Amino acid sequence: MFRGEQKKVISSSFVKRIFLSFIITTLIVFYAIGQNLQDQKVSLKVVNMPLGELLQILELKTNFTFSYLNEELPLGERVTLNSENEPLQQILEILSDRFALTFTRISNIITIKKNQNVNGKNKLQVLGILRGIVRDSATSEVLPYANVYIQEINTGVGTDNRGFFIIPSIPAKKEYTIIVSFVGYLPKKIKVFIEENKITDMDIYLAKSTIEIESVMVYGERANEAEVTVQKISIKEIENMTFGVETDVMRSIQLQPGVQSAGDVSAKYYVRGGASNENLVLLNEIPIYNPFHALGIFSVIDPEMINSVEFYKGGFGAKYDGRLSSVMNIITKDGNRNNFAASVAVSQLTVKSSLEGPVPNGSFIITGRKSYSNEILKKFTNNKSIPIDFYDASFKVNYSNPEFLPISKFTFFGFLSKDKIDYKNKLHADFNWLNSHLGFNWFTATQNSPLFVELTLYYSKFSGSEIPNSSNNRSIENGVDDITFKTDFNYVLSDRNEYYGGIKINFIKTKLFLANSTGKLKNVGSEGTMFSGYSGFRVLSLNKFKADFGSRLNALKLAEGPSLFFEPRLNLTYSLLPTLNLKAAWGIYQQELVTISDEDEVLALFEPWIVTPEYLKLSNSIHYIGGYDYYLTEKLKISMEGYFKVMHNLAVLNDELIYPTDKQLINASGESHGAEMSVNYNDGWINAWLAYSYSWTTKKLRDIEYHPRYDSRNAIKIFINCELGNNWRASISWIYNSGMPFTQIFGYYNNYNPSEILNPSSLLTDYAYFPILADRNAAHLPDYHRLDMNLSKKIRLWFMDLSIELNVINIYDRKNFFYFDTKTGERVNMLPFLPSIDIKAEL
Amino acid sequence: MKKTLSVLQLILFLFFESCSDDFNINAPYQDIYVLNCILRNDNSIQYAIFSKNSFTENGIPPSSTSAAQNIKEANLKIFYNDSVFVMRDTTIELTDSENSRVNCFYLKNLILSPWKVISIEASVPGGKILKSTIQVPKISFADFSRKFPQVTELGDYQERPFYSWSWVGNAQESTAILDIPQLEVYYKHYEQGIYVDKKVLVPLAFYFIIDQFGNLSPVNVEISFNTFCVTKLETVDKTLRDLSGNDPHKEDYTITKVVFSVISMDSELSKYYSAYETYSENFTIKLRQTDFSNIEGGKGIFGIYYKFSLPLVIDSRYIESFGYRYDPL
């Protein structure tokens, strides 16, 4: 038990009440499930009764209604049943086995369909494959995470982040009705003929809807991807989740349960007890080493360039490597393939623009953003004026010519972000930091085989420096140069199972020049080649059970340690009911590149990256995750996940660093566990969720256990986005976190300042008050909560679409505690009531 | 409907429950004593300051340091060379300080010798004892360092000539010791019929910087672990030239001696100094800072500041080239 745990601001009874409510909610879910099918007891005795009549009797004896197509079901076939107070579910299972039926429950309606994939009835059937890309009809931009559903065989999939989908094992020589849907678009029905032993390719174009229409969900097929803890977010959803002065993907993500922020000021996030440097941020599959502008206040990713985001809070698959906690994979837009379009947007912080349009057999997009005023930044820096200037820019060009190479896409992209603090006075130090990358990607699917391959070559660079000029500051120079070639492949088997794998070769060079007390710079960086590969197998052919077995093998490493390191990963999902998916994940993760970062810094310019020094063991973590998704109705989903994460050999700042030449990092260990529950509602007009998370994180350094500064025990996040009609939209978000850990003080003492030690009377006079710290992070700050609002209106004005957004941060001006400045005794609060306006014009 | 009401009820409950701001920056108070004592061989009196932590409401630090509140009710003893020296308490009047009265302890005529072990012990009426043990550092100079001037050609540098000194620290290998080299020129200036003794410090620097007034300012060698220092001969030249400035009567200046010295801190004081100077740029806000202490049972520092001096053997022709006289004492 830590000192101060007893003195927590939140009383233990309060925590118990919260936890109890969480347990009760979970129990309610299971109770509701049981009530519906398990506890609905039926007694009947029928002999040779036609199936149709039996279903009618069951409707009379229960509260459920059956929905089916007469021509599809063998209603005339006879059945004999003797049931004495047996659950309805058991009777349905008997009927399912007997007549090869699937039952899908939505509320009190049970839809019955013929199951095409069971008992070998169709084994002799010839099969075909349907494959394609779903696009926006106006811009031809790919639509990730759209639903593609084949009506006749009750089968569907979601598109991936390339808008790509593949459905194997379709009985051939038939015409099918394909229903394609996506939030905000008009659903489309397409007739397609599936040829035997062939792949039928199609590009599907969806038109934007002027009214919000909910996506057609594919019940019974939700578990077609054996992935746990992944959040797939389209740009439309990100735009609706404005949480701050302007839309920022890294702030929006903080509305998810399990994602913690250390304060309003920073967009840095902490996932399930992991430090911020344990989060992998990928932009078009390329790592961004320092994804923050301006002291971490904003991310470098301009939302104008984003098409979709995949966010893994843990348990991520074997494809991803190099970080212990989470993965954020951001895919940028391809650009408008049909027409030229431009946009200009102005907020109180930045001005930004984008230009996109067609090129022969492809498209391009260019985006740019620049800060122009520091007034709003002052609110983030306790009214200190810091001459920060930043900009970012990106471009992407893609080319896909079926005559040159069918089913292929070549993409060339680049990104640059730069920050500088320049006082224009040589007595002050200057600071610069920069992210840039250049990449080439070739995606191809072989013409007559369900194999798709992706080749990627990129160069990613980060550099950060402090130039002391004539100040007393010391020089710091850090850089990471990362040249990587990687290839990924997926092969879909005829039974829908899937092989996947890939190899990756990185050449990485890090440099970190640190000045010692004489001002001399020493490079503690290193360089070398890393070689790693991964492979896995996805079991998607079974009706109820899906699995993803994978493993990474790191054969060549930069850091010291075992020459071979395996990182096995496992994801499982099981559909207990058509509306209930159980899920579990386990995996081992390793991280070679680490930052020299001080978790006690509430604000930092940039965190230098280095390869794990030879005097440290490599960091690794093990994730254990379990949970469920339960669909109460088509629009209402309850999710719950519990996790346990063990972190070994974490590279943390040496807290006893005395000399600049001392080892900067030392090994620590950590452990986190918790549970997250969310209730999501989406009917097209209203998208809302209520999320609660309980988490507990400890770290152990020099045999002393403590809670890291971002370890908030209870968090509640409420978000409601509402389309009000007539192009009005409103959203509110409310976040509650129980108080963050902090270190109390035993008062102050007269601390001798030896700077003037040459003066003999210095010992008598040169003193400053210095706090005496109590046990590390053993007490808690007051609770945090904040209500934000966003109101937007789109209007057509002459030749352009004008969008005006009003954002209000901290509506009731809650004085949330940021930190206590022991030098001044000042309580520094987080953001106050802060209204701001964004205007965006699209041509 | 019931579920909706329950959820609303839960939200409202959380909202009002969370409005509590019950928060205390202070941990339960406990007495923590602080002992600062730096023994120096360049001063005939040794001082020690003994104090206690201040408890303040809401964590607000005292408005200014108040050395007058240092504690006098303690027994301070120094153990050295098999002898025990008792430090006496006193109050010193300072004229050039905001805190004009300082309570402290003092000890006269303690002769420190290199390489000796020395301990301090402080006891307060409650029975609390603070103690610490350190070792006096020792260095020896390289032979070539004695000549003045002595030009050394260093192949790695583009510009020459340079003037260099070198010394060897005799500390244990595992401990790092910070050193401060100094070059002092002692001279007499004939003013209104009498000779006035003066001293000038040669900036041991590689370079000059432009200060806020646009003037060239020398950068002194910082405290470091280096056991050598190198300076341009022109720096020494400039210092000697500036000594008389535009005064046409160069013969009124008599150089008496040039002393190279190295101020060496013992390993504990070196750690304290380095930890205190741990660098952080202005924008980084840290909630914890390194707080090094070698005082067992409390806080503070017990250290040695030892000045090793090496009078240089002067080539009179060099002095006379500036028009000055050379008169060794």
# chains A, B, ... in the order shown; residues from 1 in each chain; ligands from 1
>>> residues_around(residues="Asp82 of chain B", least_positions_apart="2", cutoff="12 Å", atoms="only C-alpha atoms", output="mmCIF file with C-alpha atoms, in the first residue's frame")
data_model
loop_
_atom_site.group_PDB
_atom_site.id
_atom_site.type_symbol
_atom_site.label_atom_id
_atom_site.label_comp_id
_atom_site.auth_asym_id
_atom_site.auth_seq_id
_atom_site.Cartn_x
_atom_site.Cartn_y
_atom_site.Cartn_z
ATOM 1 C CA ILE B 78 34.659 18.111 13.056
ATOM 2 C CA PHE B 79 36.794 14.974 13.320
ATOM 3 C CA TYR B 80 40.167 15.373 11.643
ATOM 4 C CA VAL B 84 37.886 16.772 17.448
ATOM 5 C CA PHE B 85 37.174 20.416 16.665
ATOM 6 C CA LYS B 116 43.142 13.284 4.553
ATOM 7 C CA VAL B 117 39.769 11.965 5.713
ATOM 8 C CA ILE B 118 37.544 14.386 7.558
ATOM 9 C CA SER B 119 34.138 13.961 9.212
#
>>> closest_atom_pairs(of="chain A", to="chain B", cutoff="6 Å", atoms="only C-alpha atoms", output="Markdown table")
| residue | atom | partner | partner_atom | distance |
| --- | --- | --- | --- | --- |
| A:Ser517 | CA | B:Ser224 | CA | 5.8 |
| A:Thr518 | CA | B:Ser224 | CA | 5.7 |
| A:Asp600 | CA | B:Leu287 | CA | 5.4 |
| A:Glu601 | CA | B:Lys286 | CA | 4.2 |
| A:Val602 | CA | B:Ile285 | CA | 5.6 |
| A:Leu603 | CA | B:Ile285 | CA | 5.3 |
| A:Ala604 | CA | B:Thr284 | CA | 4.6 |
| A:Ile658 | CA | B:Ala275 | CA | 4.6 |
| A:Tyr659 | CA | B:Ser274 | CA | 5.8 |
| A:Gln744 | CA | B:Ile25 | CA | 5.1 |
| A:Ile745 | CA | B:Asn26 | CA | 5.0 |
| A:Phe746 | CA | B:Ala27 | CA | 5.4 |
| A:Gly747 | CA | B:Phe55 | CA | 4.6 |
| A:Tyr748 | CA | B:Ser54 | CA | 5.2 |
| A:Tyr749 | CA | B:Asn53 | CA | 4.4 |
| A:Pro782 | CA | B:Asp21 | CA | 5.3 |
| A:Asp783 | CA | B:Ser18 | CA | 5.8 |
| A:Gly825 | CA | B:Ile60 | CA | 4.1 |
>>> residues_around(residues="Lys236 of chain A", least_positions_apart="2", cutoff="9 Å", atoms="only C-alpha atoms", output="count of residues only")
10
>>> atom_distance(atom1="atom CA of Leu186 of chain A", atom2="atom CA of Met305 of chain A")
23.8 Å
>>> residues_around(residues="Ile178 of chain A", least_positions_apart="3", cutoff="10 Å", atoms="only C-alpha atoms", output="list in words")
Val148, Tyr149, Ile150, Gln151, Glu152, Thr155, Gly156, Glu175, Ser181, Lys188, Lys189, Ile190, Lys191 and Val192 of chain A
>>> write_last_selection(atoms="C-alpha atoms", output="compact mmCIF listing (two decimals), in the first residue's frame")
# COMPACT_ATOMS: atom_id res chain seq x y z
CA VAL A 148 -20.16 -5.22 -48.47
CA TYR A 149 -22.94 -7.75 -48.12
CA ILE A 150 -24.16 -10.53 -50.37
CA GLN A 151 -27.86 -10.82 -49.72
CA GLU A 152 -28.49 -14.30 -51.04
CA THR A 155 -22.34 -13.08 -46.08
CA GLY A 156 -20.54 -9.82 -45.75
CA GLU A 175 -26.18 -13.79 -59.96
CA SER A 181 -23.25 0.70 -47.47
CA LYS A 188 -26.17 0.69 -53.25
CA LYS A 189 -27.54 -2.59 -54.60
CA ILE A 190 -25.58 -4.16 -57.40
CA LYS A 191 -26.24 -7.34 -59.30
CA VAL A 192 -23.15 -9.34 -60.01
>>> atom_distance(atom1="atom CA of Val309 of chain A", atom2="atom CA of Arg713 of chain A")
27.2 Å
>>> atom_distance(atom1="atom CA of Thr510 of chain A", atom2="atom CA of Ser276 of chain A")
19.5 Å
>>> closest_residue(among="B:Ile314, B:Leu201, B:Phe141, B:Leu110", to="Ser83 of chain B", atoms="only C-alpha atoms")
B:Leu110
>>> residues_around(residues="Pro144 of chain A", least_positions_apart="3", cutoff="9 Å", atoms="only C-alpha atoms", output="PyMOL selection string")
chain A and resi 134-135+158-164+182+232-234+307-308
>>> residues_around(residues="segment 63-74 of chain A", least_positions_apart="4", cutoff="8 Å", atoms="only C-alpha atoms", output="PyMOL selection string")
chain A and resi 51+55+58-59+99+108-114
>>> write_last_selection(atoms="N, CA and C atoms", output="PDB file, in the first residue's frame")
ATOM      1  N   LEU A  51     -42.459 -27.348 -40.733  1.00  0.00           N
ATOM      2  CA  LEU A  51     -41.622 -26.347 -40.072  1.00  0.00           C
ATOM      3  C   LEU A  51     -42.333 -25.001 -39.955  1.00  0.00           C
ATOM      4  N   LEU A  55     -43.007 -22.851 -36.482  1.00  0.00           N
ATOM      5  CA  LEU A  55     -42.532 -21.490 -36.216  1.00  0.00           C
ATOM      6  C   LEU A  55     -43.677 -20.607 -35.736  1.00  0.00           C
ATOM      7  N   LEU A  58     -44.292 -21.371 -32.139  1.00  0.00           N
ATOM      8  CA  LEU A  58     -43.260 -20.768 -31.299  1.00  0.00           C
ATOM      9  C   LEU A  58     -43.499 -19.273 -31.120  1.00  0.00           C
ATOM     10  N   GLU A  59     -43.981 -18.607 -32.151  1.00  0.00           N
ATOM     11  CA  GLU A  59     -44.295 -17.177 -32.038  1.00  0.00           C
ATOM     12  C   GLU A  59     -45.378 -16.937 -30.996  1.00  0.00           C
ATOM     13  N   PHE A  99     -32.196 -28.373 -40.241  1.00  0.00           N
ATOM     14  CA  PHE A  99     -32.516 -27.767 -41.548  1.00  0.00           C
ATOM     15  C   PHE A  99     -31.441 -26.815 -42.064  1.00  0.00           C
ATOM     16  N   ASN A 108     -36.614  -8.196 -30.585  1.00  0.00           N
ATOM     17  CA  ASN A 108     -37.441  -9.394 -30.406  1.00  0.00           C
ATOM     18  C   ASN A 108     -37.798 -10.041 -31.743  1.00  0.00           C
ATOM     19  N   ILE A 109     -37.006  -9.688 -32.760  1.00  0.00           N
ATOM     20  CA  ILE A 109     -37.230 -10.298 -34.085  1.00  0.00           C
ATOM     21  C   ILE A 109     -36.086 -11.258 -34.375  1.00  0.00           C
ATOM     22  N   ILE A 110     -36.440 -12.460 -34.732  1.00  0.00           N
ATOM     23  CA  ILE A 110     -35.426 -13.449 -35.083  1.00  0.00           C
ATOM     24  C   ILE A 110     -35.515 -13.710 -36.572  1.00  0.00           C
ATOM     25  N   THR A 111     -34.404 -13.357 -37.252  1.00  0.00           N
ATOM     26  CA  THR A 111     -34.367 -13.564 -38.697  1.00  0.00           C
ATOM     27  C   THR A 111     -33.811 -14.957 -38.969  1.00  0.00           C
ATOM     28  N   ILE A 112     -34.514 -15.685 -39.833  1.00  0.00           N
ATOM     29  CA  ILE A 112     -34.064 -17.052 -40.147  1.00  0.00           C
ATOM     30  C   ILE A 112     -33.606 -17.078 -41.595  1.00  0.00           C
ATOM     31  N   LYS A 113     -32.424 -17.624 -41.799  1.00  0.00           N
ATOM     32  CA  LYS A 113     -31.920 -17.759 -43.163  1.00  0.00           C
ATOM     33  C   LYS A 113     -31.333 -19.147 -43.342  1.00  0.00           C
ATOM     34  N   LYS A 114     -31.226 -19.509 -44.563  1.00  0.00           N
ATOM     35  CA  LYS A 114     -30.618 -20.783 -44.902  1.00  0.00           C
ATOM     36  C   LYS A 114     -29.102 -20.629 -44.771  1.00  0.00           C
TER      37      LYS A 114
END
>>> residues_around(residues="Gly127 of chain B", least_positions_apart="3", cutoff="12 Å", atoms="only C-alpha atoms", output="ChimeraX atom specification")
/B:33,73-75,122-124,130,297
>>> select_by_dssp(residues="segment 20-155 of chain B", states="strand (DSSP E)", output="VMD selection string")
chain B and resid 33 to 40 45 to 52 75 to 80 83 to 93 101 to 108 117 to 123 129 to 135 139 to 141 147 to 148 151 to 152
